[in-house]
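Shown here: upload22.tsv, TSV, C-alpha atoms.
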chain	number	residue	atom	x	y	z
Z	5	MET	CA	68.19	163.74	89.22
Z	6	ASN	CA	68.70	162.33	92.72
Z	7	LYS	CA	70.93	163.83	95.32
Z	8	LEU	CA	73.85	161.53	94.64
Z	9	GLN	CA	73.56	162.27	90.92
Z	10	LEU	CA	74.17	158.65	89.93
Z	11	LEU	CA	74.16	158.30	86.17
Z	12	ILE	CA	72.52	155.21	84.72
Z	13	LYS	CA	72.92	154.35	81.04
Z	14	THR	CA	71.85	151.31	79.04
Z	15	LYS	CA	72.26	150.37	75.38
Z	16	PHE	CA	70.53	147.52	73.62
Z	17	ARG	CA	71.41	146.20	70.18
Z	18	LYS	CA	72.36	142.82	68.81
Z	19	PHE	CA	74.45	143.16	65.67
Z	20	LEU	CA	77.46	145.20	64.65
Z	21	PHE	CA	76.59	148.82	63.92
Z	22	VAL	CA	78.93	150.65	61.58
Z	23	GLY	CA	79.34	154.40	61.24
Z	24	ILE	CA	81.79	156.56	59.33
Z	25	ILE	CA	83.91	159.53	60.29
Z	26	PRO	CA	84.71	161.19	56.98
Z	27	LEU	CA	87.46	163.21	58.66
Z	28	LEU	CA	90.90	162.65	57.16
Z	29	PHE	CA	93.63	161.55	59.51
Z	30	SER	CA	96.35	163.86	58.24
Z	31	SER	CA	96.74	166.95	56.12
Z	32	CYS	CA	98.40	164.91	53.34
Z	33	GLN	CA	95.33	162.67	53.29
Z	34	THR	CA	97.31	159.46	53.74
Z	35	MET	CA	94.81	157.96	56.18
Z	36	ALA	CA	91.18	158.39	57.14
Z	37	LEU	CA	89.21	157.35	60.21
Z	38	PHE	CA	86.42	154.84	60.45
Z	39	GLU	CA	84.23	154.49	63.55
Z	40	PHE	CA	82.00	151.58	64.51
Z	41	GLU	CA	80.29	150.05	67.51
Z	42	SER	CA	80.60	146.45	68.56
Z	43	LEU	CA	79.82	144.32	71.57
Z	44	LYS	CA	82.36	144.16	74.35
Z	45	ALA	CA	82.44	140.85	76.20
Z	46	PRO	CA	81.61	140.88	79.92
Z	47	LYS	CA	84.45	140.48	82.38
Z	48	VAL	CA	82.61	137.59	84.01
Z	49	ILE	CA	81.34	134.89	81.63
Z	50	ILE	CA	78.29	132.97	82.75
Z	51	PRO	CA	77.71	129.69	80.83
Z	52	PRO	CA	75.27	130.12	77.93
Z	53	ASP	CA	73.13	127.20	79.08
Z	54	VAL	CA	72.11	129.16	82.19
Z	55	LYS	CA	68.46	130.09	81.74
Z	56	THR	CA	67.48	131.24	85.23
Z	57	ILE	CA	69.37	133.26	87.84
Z	58	GLY	CA	68.65	133.69	91.52
Z	59	PHE	CA	69.84	136.57	93.70
Z	60	VAL	CA	70.75	135.73	97.29
Z	61	ASP	CA	71.46	138.13	100.13
Z	62	ARG	CA	73.76	136.20	102.45
Z	63	ASN	CA	72.72	138.47	105.33
Z	64	LEU	CA	75.86	137.96	107.38
Z	65	SER	CA	76.82	140.19	110.29
Z	66	PHE	CA	80.05	140.56	112.20
Z	67	ASP	CA	81.10	142.13	115.48
Z	68	VAL	CA	82.83	145.00	113.64
Z	69	ASP	CA	79.62	145.83	111.75
Z	70	THR	CA	78.54	148.04	114.62
Z	71	LEU	CA	80.70	150.69	112.92
Z	72	SER	CA	78.20	150.89	110.07
Z	73	SER	CA	75.55	151.98	112.58
Z	74	TYR	CA	77.41	155.24	113.04
Z	75	TYR	CA	78.13	158.20	110.81
Z	76	VAL	CA	80.20	161.33	111.23
Z	77	MET	CA	78.97	164.93	111.17
Z	78	ASN	CA	81.76	167.51	111.33
Z	79	GLU	CA	84.04	165.00	113.12
Z	80	LEU	CA	81.28	164.17	115.62
Z	81	THR	CA	80.31	160.47	115.67
Z	82	ILE	CA	76.53	159.93	115.73
Z	83	LYS	CA	74.64	156.65	116.12
Z	84	ASP	CA	72.08	155.84	113.43
Z	85	THR	CA	69.03	154.25	115.04
Z	86	ILE	CA	67.82	152.78	111.72
Z	87	ASN	CA	69.08	149.43	110.43
Z	88	HIS	CA	69.64	149.75	106.68
Z	89	ASP	CA	70.69	146.15	105.95
Z	90	LYS	CA	67.44	145.10	104.26
Z	91	VAL	CA	67.23	148.32	102.24
Z	92	ARG	CA	70.76	147.74	100.98
Z	93	ALA	CA	70.00	144.16	99.94
Z	94	ILE	CA	66.75	145.01	98.14
Z	95	ASN	CA	68.22	147.95	96.23
Z	96	CYS	CA	71.34	146.02	95.33
Z	97	TYR	CA	69.02	143.37	93.87
Z	98	LEU	CA	67.06	146.02	91.97
Z	99	GLY	CA	70.23	147.57	90.59
Z	100	LEU	CA	71.35	144.20	89.28
Z	101	SER	CA	68.04	142.85	87.99
Z	102	GLU	CA	66.92	146.09	86.31
Z	103	ASN	CA	70.23	146.59	84.48
Z	104	LEU	CA	71.16	143.08	83.45
Z	105	SER	CA	71.64	142.84	79.70
Z	106	ASN	CA	68.73	141.90	77.44
Z	107	TYR	CA	71.00	139.18	76.10
Z	108	TYR	CA	69.98	137.23	79.18
Z	109	ALA	CA	66.55	135.91	78.22
Z	110	LEU	CA	65.19	136.04	81.76
Z	111	ASP	CA	61.61	136.67	82.80
Z	112	SER	CA	62.76	137.66	86.27
Z	113	ILE	CA	65.45	137.08	88.87
Z	114	SER	CA	64.31	135.56	92.15
Z	115	PHE	CA	65.21	137.29	95.42
Z	116	THR	CA	66.18	135.30	98.51
Z	117	ARG	CA	67.29	136.78	101.80
Z	118	LEU	CA	68.77	134.20	104.11
Z	119	PRO	CA	68.17	134.38	107.88
Z	120	ASN	CA	70.71	136.60	109.58
Z	121	GLN	CA	73.85	134.79	110.61
Z	122	HIS	CA	76.18	136.49	113.07
Z	123	LEU	CA	79.83	135.49	112.97
Z	124	SER	CA	82.22	136.39	115.77
Z	125	GLY	CA	85.81	137.32	115.22
Z	126	ALA	CA	87.37	138.47	111.98
Z	127	ARG	CA	85.24	139.05	108.90
Z	128	ARG	CA	85.25	135.98	106.67
Z	129	TYR	CA	83.14	134.65	103.84
Z	130	ASP	CA	83.15	130.88	103.84
Z	131	PRO	CA	81.11	129.65	100.85
Z	132	ILE	CA	77.55	128.41	101.26
Z	133	SER	CA	77.51	124.62	101.25
Z	134	TRP	CA	76.63	123.06	97.91
Z	135	GLU	CA	73.77	121.22	99.60
Z	136	ARG	CA	72.22	124.52	100.59
Z	137	VAL	CA	72.93	126.03	97.19
Z	138	ASP	CA	71.09	123.09	95.61
Z	139	SER	CA	68.18	123.63	97.97
Z	140	ILE	CA	67.90	127.36	97.15
Z	141	CYS	CA	68.17	126.68	93.43
Z	142	GLN	CA	65.40	124.08	93.61
Z	143	SER	CA	63.08	126.31	95.62
Z	144	THR	CA	63.64	129.31	93.31
Z	145	ALA	CA	63.97	127.33	90.04
Z	146	SER	CA	67.40	128.91	89.49
Z	147	ASP	CA	70.32	127.47	87.53
Z	148	ILE	CA	72.90	129.61	89.33
Z	149	LEU	CA	72.97	131.99	92.28
Z	150	ILE	CA	74.46	135.48	92.32
Z	151	CYS	CA	75.20	135.97	95.99
Z	152	LEU	CA	75.66	139.26	97.78
Z	153	GLU	CA	77.99	137.98	100.47
Z	154	ASP	CA	78.29	141.36	102.16
Z	155	ILE	CA	77.79	145.07	101.59
Z	156	GLN	CA	78.87	147.86	103.92
Z	157	ILE	CA	78.35	151.59	103.41
Z	158	PHE	CA	79.90	154.33	105.55
Z	159	ASN	CA	79.64	158.08	105.25
Z	160	GLU	CA	80.87	161.32	106.73
Z	161	TYR	CA	79.19	164.72	106.49
Z	162	GLU	CA	81.01	168.03	106.59
Z	163	ILE	CA	79.21	171.35	106.66
Z	164	ILE	CA	81.12	174.56	106.07
Z	165	LYS	CA	79.21	177.62	107.21
Z	166	GLY	CA	79.59	180.99	105.56
Z	167	GLU	CA	77.73	183.50	103.44
Z	168	GLU	CA	77.13	180.48	101.22
Z	169	ASN	CA	76.94	177.21	103.14
Z	170	TRP	CA	78.59	174.09	101.72
Z	171	GLY	CA	77.62	170.50	102.45
Z	172	ILE	CA	80.09	167.72	101.65
Z	173	THR	CA	79.25	164.01	101.86
Z	174	ASP	CA	82.06	161.48	101.66
Z	175	ILE	CA	80.81	157.91	101.12
Z	176	LYS	CA	82.87	154.73	101.26
Z	177	TYR	CA	81.59	151.24	100.56
Z	178	PHE	CA	82.73	147.71	99.95
Z	179	VAL	CA	80.86	144.72	98.60
Z	180	VAL	CA	81.62	141.01	98.26
Z	181	TRP	CA	80.15	138.94	95.42
Z	182	ARG	CA	80.19	135.24	94.60
Z	183	ILE	CA	78.44	133.34	91.80
Z	184	TYR	CA	77.54	129.74	92.64
Z	185	ASP	CA	77.01	127.12	89.93
Z	186	PRO	CA	75.59	123.96	91.58
Z	187	LEU	CA	75.75	121.89	88.38
Z	188	LEU	CA	79.51	122.37	87.97
Z	189	GLN	CA	80.07	123.02	91.69
Z	190	LYS	CA	82.27	125.99	90.90
Z	191	PHE	CA	82.32	129.73	91.45
Z	192	HIS	CA	82.12	131.73	88.24
Z	193	ASP	CA	83.23	134.81	90.12
Z	194	GLU	CA	84.52	135.80	93.54
Z	195	ARG	CA	85.43	139.42	94.16
Z	196	MET	CA	85.54	142.22	96.69
Z	197	ILE	CA	84.94	145.73	95.39
Z	198	SER	CA	85.62	148.90	97.35
Z	199	ASP	CA	85.09	152.43	96.17
Z	200	SER	CA	84.07	155.90	97.28
Z	201	LEU	CA	81.63	158.58	96.22
Z	202	TYR	CA	81.72	162.28	96.90
Z	203	THR	CA	78.98	164.87	96.72
Z	204	GLU	CA	79.10	168.62	97.25
Z	205	VAL	CA	76.12	171.00	97.43
Z	206	SER	CA	75.69	174.60	98.47
Z	207	SER	CA	72.92	176.87	99.67
Z	208	TYR	CA	72.56	180.30	101.20
Z	209	SER	CA	70.03	178.75	103.55
Z	210	TYR	CA	71.61	176.53	106.20
Z	211	ALA	CA	68.26	174.85	106.97
Z	212	LYS	CA	67.58	174.11	103.30
Z	213	LEU	CA	71.06	172.67	102.92
Z	214	ILE	CA	70.51	170.24	105.80
Z	215	GLU	CA	66.88	169.34	105.21
Z	216	GLU	CA	66.62	169.24	101.42
Z	217	GLN	CA	69.93	169.17	99.61
Z	218	MET	CA	72.29	166.90	101.50
Z	219	PRO	CA	71.52	163.18	101.08
Z	220	THR	CA	70.06	161.45	104.10
Z	221	ARG	CA	71.46	158.20	105.43
Z	222	GLN	CA	68.45	156.38	103.98
Z	223	GLU	CA	69.00	157.92	100.54
Z	224	ILE	CA	72.69	157.11	100.65
Z	225	ASN	CA	72.04	153.46	101.41
Z	226	ILE	CA	69.28	153.16	98.79
Z	227	GLU	CA	71.16	154.84	95.96
Z	228	VAL	CA	74.63	153.48	96.61
Z	229	ALA	CA	73.29	149.93	96.96
Z	230	TYR	CA	71.42	150.32	93.66
Z	231	GLU	CA	74.62	151.54	92.02
Z	232	VAL	CA	76.54	148.57	93.43
Z	233	GLY	CA	74.02	146.19	91.86
Z	234	ARG	CA	74.06	148.06	88.56
Z	235	ASN	CA	77.85	147.95	88.41
Z	236	TYR	CA	77.86	144.20	88.96
Z	237	ALA	CA	75.24	143.76	86.23
Z	238	ASN	CA	77.70	145.54	83.93
Z	239	LEU	CA	80.46	143.11	84.89
Z	240	ILE	CA	78.42	140.12	83.75
Z	241	SER	CA	76.71	141.76	80.75
Z	242	PRO	CA	77.94	142.45	77.21
Z	243	ALA	CA	78.08	146.16	76.45
Z	244	TRP	CA	78.36	148.24	73.31
Z	245	ASP	CA	81.61	150.10	72.83
Z	246	SER	CA	82.89	152.52	70.18
Z	247	PHE	CA	86.04	151.88	68.16
Z	248	THR	CA	87.98	154.05	65.73
Z	249	ARG	CA	90.23	152.64	63.03
Z	250	LYS	CA	92.71	154.35	60.69
Z	251	TYR	CA	92.93	153.13	57.10
Z	252	PHE	CA	94.88	154.17	54.03
Z	253	VAL	CA	93.25	156.33	51.36
Z	254	ALA	CA	96.47	157.17	49.48
Z	255	GLY	CA	98.96	155.11	47.51
Z	256	HIS	CA	96.89	154.44	44.41
Z	257	GLN	CA	93.98	156.17	42.73
Z	258	ASP	CA	91.86	153.06	43.34
Z	259	PHE	CA	92.07	153.73	47.08
Z	260	SER	CA	89.92	156.84	46.64
Z	261	LEU	CA	87.23	154.68	45.07
Z	262	ALA	CA	87.52	152.13	47.87
Z	263	HIS	CA	87.21	155.00	50.33
Z	264	TYR	CA	84.00	156.06	48.58
Z	265	TYR	CA	82.57	152.52	48.71
Z	266	LEU	CA	83.42	152.18	52.40
Z	267	ASN	CA	81.66	155.45	53.15
Z	268	ASN	CA	78.58	154.28	51.25
Z	269	ASP	CA	78.06	150.89	52.90
Z	270	SER	CA	79.70	148.90	50.10
Z	271	LEU	CA	82.40	147.14	52.10
Z	272	ASP	CA	82.62	144.15	49.74
Z	273	LYS	CA	83.37	146.43	46.78
Z	274	ALA	CA	86.10	148.14	48.81
Z	275	ILE	CA	87.54	144.71	49.59
Z	276	GLU	CA	87.65	143.82	45.89
Z	277	ILE	CA	89.73	146.93	45.18
Z	278	TRP	CA	92.19	146.37	48.02
Z	279	GLU	CA	92.62	142.71	47.08
Z	280	LYS	CA	93.79	143.77	43.60
Z	281	HIS	CA	96.76	145.56	45.18
Z	282	ALA	CA	97.58	143.17	48.05
Z	283	ASP	CA	100.33	141.50	45.95
Z	284	ALA	CA	101.55	144.57	44.10
Z	285	GLU	CA	105.24	144.79	43.26
Z	286	ASN	CA	105.28	148.04	45.19
Z	287	LYS	CA	105.68	146.63	48.71
Z	288	LYS	CA	104.42	149.79	50.36
Z	289	LEU	CA	101.24	149.71	48.28
Z	290	ALA	CA	100.82	145.99	49.00
Z	291	GLY	CA	101.31	146.64	52.71
Z	292	ARG	CA	98.68	149.38	52.73
Z	293	ALA	CA	96.20	147.23	50.83
Z	294	SER	CA	96.78	144.30	53.19
Z	295	TYR	CA	96.35	146.57	56.20
Z	296	ASN	CA	93.04	147.89	54.82
Z	297	LEU	CA	91.88	144.32	54.19
Z	298	ALA	CA	92.61	143.44	57.81
Z	299	MET	CA	90.38	146.29	58.94
Z	300	ALA	CA	87.68	145.27	56.43
Z	301	TYR	CA	87.54	141.72	57.75
Z	302	GLU	CA	87.47	143.00	61.30
Z	303	LEU	CA	84.35	144.94	60.33
Z	304	LYS	CA	82.91	141.71	58.90
Z	305	GLU	CA	83.85	140.05	62.22
Z	306	ASP	CA	85.98	137.49	60.42
Z	307	PHE	CA	88.91	137.67	62.80
Z	308	GLN	CA	90.79	134.76	61.28
Z	309	GLN	CA	90.97	136.56	57.93
Z	310	ALA	CA	91.72	139.87	59.62
Z	311	GLY	CA	94.66	138.28	61.42
Z	312	HIS	CA	95.93	136.82	58.17
Z	313	TRP	CA	95.91	140.18	56.41
Z	314	ILE	CA	97.52	142.19	59.22
Z	315	ARG	CA	100.38	139.68	59.42
Z	316	LYS	CA	100.78	139.91	55.65
Z	317	ALA	CA	100.83	143.71	55.90
Z	318	ILE	CA	103.66	143.62	58.45
Z	319	HIS	CA	105.58	141.17	56.26
Z	320	LYS	CA	105.21	143.44	53.22
Z	321	TYR	CA	106.51	146.46	55.12
Z	322	LYS	CA	109.51	144.53	56.41
Z	323	GLU	CA	110.44	143.66	52.82
Z	324	ILE	CA	110.91	147.37	52.07
Z	325	GLU	CA	114.60	148.35	52.11
Z	326	LYS	CA	113.91	151.45	54.18
Z	327	VAL	CA	110.87	150.70	56.34
Z	328	PRO	CA	108.56	153.76	56.33
Z	329	SER	CA	107.46	155.35	59.59
Z	330	GLU	CA	103.81	154.46	58.89
Z	331	ILE	CA	104.55	150.90	59.97
Z	332	LYS	CA	103.92	152.13	63.51
Z	333	HIS	CA	100.22	152.43	62.62
Z	334	VAL	CA	100.28	148.87	61.31
Z	335	LYS	CA	101.84	147.54	64.53
Z	336	GLU	CA	99.41	149.55	66.67
Z	337	TYR	CA	96.53	148.08	64.75
Z	338	TYR	CA	97.97	144.57	65.18
Z	339	ASN	CA	97.68	145.06	68.96
Z	340	GLU	CA	94.16	146.47	68.65
Z	341	LEU	CA	93.10	143.57	66.46
Z	342	THR	CA	94.56	141.08	68.93
Z	343	LEU	CA	92.38	142.54	71.69
Z	344	ARG	CA	89.28	142.44	69.46
Z	345	THR	CA	90.03	138.82	68.55
Z	346	GLN	CA	90.29	137.88	72.22
Z	347	ASN	CA	87.07	139.77	72.89
Z	348	ASN	CA	85.35	137.86	70.10
Z	349	TYR	CA	86.48	134.57	71.66
Z	350	LEU	CA	84.88	135.59	74.97
Z	351	LEU	CA	81.68	136.66	73.20
Z	352	ASP	CA	81.53	133.24	71.54
Z	353	LYS	CA	81.78	131.67	74.99
Z	354	PHE	CA	79.04	133.94	76.31
Z	355	PHE	CA	76.66	133.18	73.45
Z	356	GLY	CA	77.59	129.50	73.36
Z	357	LYS	CA	78.80	129.62	69.77
Z	358	ASP	CA	80.29	126.34	68.59
Z	359	GLU	CA	83.85	127.03	67.46
Z	360	LYS	CA	83.42	124.41	64.73
Z	361	GLN	CA	80.55	126.32	63.18

Turn the structure described in the file into structure tokens.
Amino acid sequence: MNKLQLLIKTKFRKFLFVGIIPLLFSSCQTMALFEFESLKAPKVIIPPDVKTIGFVDRNLSFDVDTLSSYYVMNELTIKDTINHDKVRAINCYLGLSENLSNYYALDSISFTRLPNQHLSGARRYDPISWERVDSICQSTASDILICLEDIQIFNEYEIIKGEENWGITDIKYFVVWRIYDPLLQKFHDERMISDSLYTEVSSYSYAKLIEEQMPTRQEINIEVAYEVGRNYANLISPAWDSFTRKYFVAGHQDFSLAHYYLNNDSLDKAIEIWEKHADAENKKLAGRASYNLAMAYELKEDFQQAGHWIRKAIHKYKEIEKVPSEIKHVKEYYNELTLRTQNNYLLDKFFGKDEKQ
């Protein structure tokens, strides 16, 4: 593990994976839990017809950037004689290109570093002209450009001497991104991200602490820039997420059988049982069956049907003279299902699924 201890995780699947938690939700065995994994839509949706992506380092500099040439050691400001701009750009590119989702069918992502452009006065990020964007896209055979408009990394070291010496590194960074689409002449994303990292190491040897354990300026710039790129790849990539749902196992003896079928990968058989009770004269039983059907259709990724059944469940509960407290679970699930439905809509946009299909 590197000195900054940056954790990198990736997951790759394509279809819904379902798993079961056979743990009952309450001591009276009214509800059980069901766990599954499903794709979470990226926060930034890139059009599905995009087949090639280019990475561009804008390579801008400003008068105030001289601050990034300095670091602090125990409140003493020290000038760094090494320029880390290129290292930052390359590792930011690597972090993005190496962690972009497999759902992007890309052979590679081109890397372009524009000639340095120094801008006087306040920091600003006027967009690249569309003529130049077109030119870069043509030369790199890219449909869109993910542009690193700027990245700045600052750090302070603090060393506390004692019987055991402690080394603290406080890192602050900010980055500006923009995604250019020359075909539509629009930006799919524009954002500034700022964050901080903190490391703490100790050693009885002062020399070992300084020379081996505390991250160097070069390591900080390499690893933080890679993390910045990786984080942005996550923003534009679908990711697998875990969900837990409660469902009713009590109310009728048939529900125990449906519970068995659900736990043995026979969802359709469980649906058949719940459908038999969805219009029962007992409104509470009908509400529970309808609720379970909503969850079942969510698992089948039929969100239109799931929405129908959860609305029917709420209606059934409201017909009860004294509405039982369990309706709170039904309303909570309604909100959860709404979020999953919205997520599914975004996934359809990402994959280019025709809504008419």

Subject >> Within 10 Å of stretch 133-145 of chain Z using only C-alpha atoms, minus same-chain residues under 3 positions, as a list of chain:residue names >> reply: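 Close residues of stretch 133-145 of chain Z: Z:Lys55, Z:Thr56, Z:Ile57, Z:Gly58, Z:Phe59, Z:Val60, Z:Ile113, Z:Ser114, Z:Phe115, Z:Thr116, Z:Leu118, Z:Asp130, Z:Ile148, Z:Leu149, Z:Tyr184, Z:Asp185, Z:Pro186, Z:Leu187, Z:Gln189, Z:Lys190.
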
Original post:
So how far away is atom CA of Z:Tyr74 from atom CA of Z:Tyr177, in Å?
Top reply: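 So the answer is 13.8 Å.
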
Original post:
Suppose you want the space between atom CA of Z:Glu162 and atom CA of Z:Phe66; what is it in Å?
Top reply: 28.1 Å

Subject >> Test item: residues at most 9 Å from Z:Ser246, all atoms listed in the file, excluding those fewer than 3 positions along its chain, as a list in words >> reply: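 In the requested format, the answer is Glu39, Phe40, Glu41, Ser42 and Leu43 of chain Z.
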
**OP:** Might you pull out every residue within 10 Å of Z:Lys273, with all atoms listed in the file counted and same-chain residues fewer than 6 positions away left off, and present them as a ChimeraX atom specification?
**Re:** /Z:261-262,264-266,279

Output for the residues just chosen: C-alpha atoms as a CSV table (one decimal), in the coordinates of the input:
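Written output follows (again-v3.csv):
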chain,number,residue,atom,x,y,z
Z,261,LEU,CA,87.2,154.7,45.1
Z,262,ALA,CA,87.5,152.1,47.9
Z,264,TYR,CA,84.0,156.1,48.6
Z,265,TYR,CA,82.6,152.5,48.7
Z,266,LEU,CA,83.4,152.2,52.4
Z,279,GLU,CA,92.6,142.7,47.1

**OP:** Calculate how many Å separate atom CA of Z:Lys250 from atom CA of Z:Ala36, rounding to one decimal.
**Re:**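 Separation between atom CA of Z:Lys250 and atom CA of Z:Ala36: 5.6 Å.
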
Original post:
Of the candidates Z:Phe307, Z:Tyr108, Z:Phe259, Z:Tyr129, which shows the shortest atom-to-atom distance to Z:Asn347, using only C-alpha atoms?
Top reply: Z:Phe307

Original post:
Between Z:His192, Z:Arg117, Z:Ser207, Z:Tyr349, which one has atoms that come closest to Z:Gly166, using all atoms listed in the file?
Top reply: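 Residue with the minimum atom-to-atom distance to Z:Gly166: Z:Ser207.
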
Original post:
Of the candidates Z:Asn286, Z:Ser270, Z:Gln222, Z:Thr248, which one gets nearest to Z:Met299 if we count all atoms listed in the file?
Top reply: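 So, comparing all the options, the nearest one is Z:Thr248.
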
Original post:
Taking into account all atoms listed in the file, which residue in the set Z:Leu104, Z:His312, Z:Glu160, Z:Ile155 is nearest to Z:Leu80?
Top reply: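 Smallest distance to Z:Leu80 is found for Z:Glu160.
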
**OP:** Please identify all polymer residues within 12 Å of Z:Ser200, counting only C-alpha atoms, omitting same-chain residues fewer than 5 positions from it, and present them as a PyMOL selection string.
**Re:** chain Z and resi 8+156-160+173-179+224+228+231-232

Would you mind writing stretch 81-88 of chain Z with all heavy atoms, as a compact mmCIF listing (two decimals), in the frame of the given file?
# COMPACT_ATOMS: atom_id res chain seq x y z
N THR Z 81 80.88 161.79 115.97
CA THR Z 81 80.31 160.47 115.67
C THR Z 81 78.89 160.38 116.22
O THR Z 81 78.65 160.65 117.41
CB THR Z 81 81.17 159.35 116.28
OG1 THR Z 81 82.50 159.44 115.73
CG2 THR Z 81 80.59 157.98 115.94
N ILE Z 82 77.95 160.00 115.36
CA ILE Z 82 76.53 159.93 115.73
C ILE Z 82 76.00 158.53 115.42
O ILE Z 82 76.28 157.98 114.36
CB ILE Z 82 75.71 160.98 114.96
CG1 ILE Z 82 76.26 162.38 115.22
CG2 ILE Z 82 74.23 160.89 115.32
CD1 ILE Z 82 75.63 163.46 114.37
N LYS Z 83 75.22 157.98 116.33
CA LYS Z 83 74.64 156.65 116.12
C LYS Z 83 73.37 156.76 115.27
O LYS Z 83 72.51 157.60 115.55
CB LYS Z 83 74.32 155.96 117.45
CG LYS Z 83 73.77 154.55 117.29
CD LYS Z 83 73.63 153.84 118.62
CE LYS Z 83 73.02 152.45 118.45
NZ LYS Z 83 73.80 151.58 117.57
N ASP Z 84 73.28 155.92 114.27
CA ASP Z 84 72.08 155.84 113.43
C ASP Z 84 71.16 154.78 114.02
O ASP Z 84 71.54 153.62 114.15
CB ASP Z 84 72.48 155.47 111.99
CG ASP Z 84 71.32 155.61 111.02
OD1 ASP Z 84 70.16 155.67 111.48
OD2 ASP Z 84 71.56 155.64 109.81
N THR Z 85 69.96 155.18 114.38
CA THR Z 85 69.03 154.25 115.04
C THR Z 85 68.30 153.34 114.04
O THR Z 85 67.59 152.43 114.45
CB THR Z 85 67.98 155.04 115.84
OG1 THR Z 85 67.29 155.94 114.97
CG2 THR Z 85 68.65 155.82 116.96
N ILE Z 86 68.49 153.58 112.74
CA ILE Z 86 67.82 152.78 111.72
C ILE Z 86 68.77 151.73 111.16
O ILE Z 86 69.93 152.02 110.85
CB ILE Z 86 67.31 153.68 110.56
CG1 ILE Z 86 66.33 154.73 111.09
CG2 ILE Z 86 66.65 152.83 109.47
CD1 ILE Z 86 65.91 155.73 110.04
N ASN Z 87 68.30 150.50 111.05
CA ASN Z 87 69.08 149.43 110.43
C ASN Z 87 68.79 149.42 108.92
O ASN Z 87 67.66 149.23 108.50
CB ASN Z 87 68.70 148.07 111.06
CG ASN Z 87 69.60 146.95 110.56
OD1 ASN Z 87 69.82 146.79 109.37
ND2 ASN Z 87 70.12 146.15 111.49
N HIS Z 88 69.82 149.62 108.12
CA HIS Z 88 69.64 149.75 106.68
C HIS Z 88 69.98 148.47 105.91
O HIS Z 88 70.01 148.48 104.68
CB HIS Z 88 70.52 150.89 106.14
CG HIS Z 88 70.24 152.21 106.76
ND1 HIS Z 88 69.16 153.00 106.40
CD2 HIS Z 88 70.90 152.91 107.73
CE1 HIS Z 88 69.17 154.12 107.11
NE2 HIS Z 88 70.22 154.09 107.92
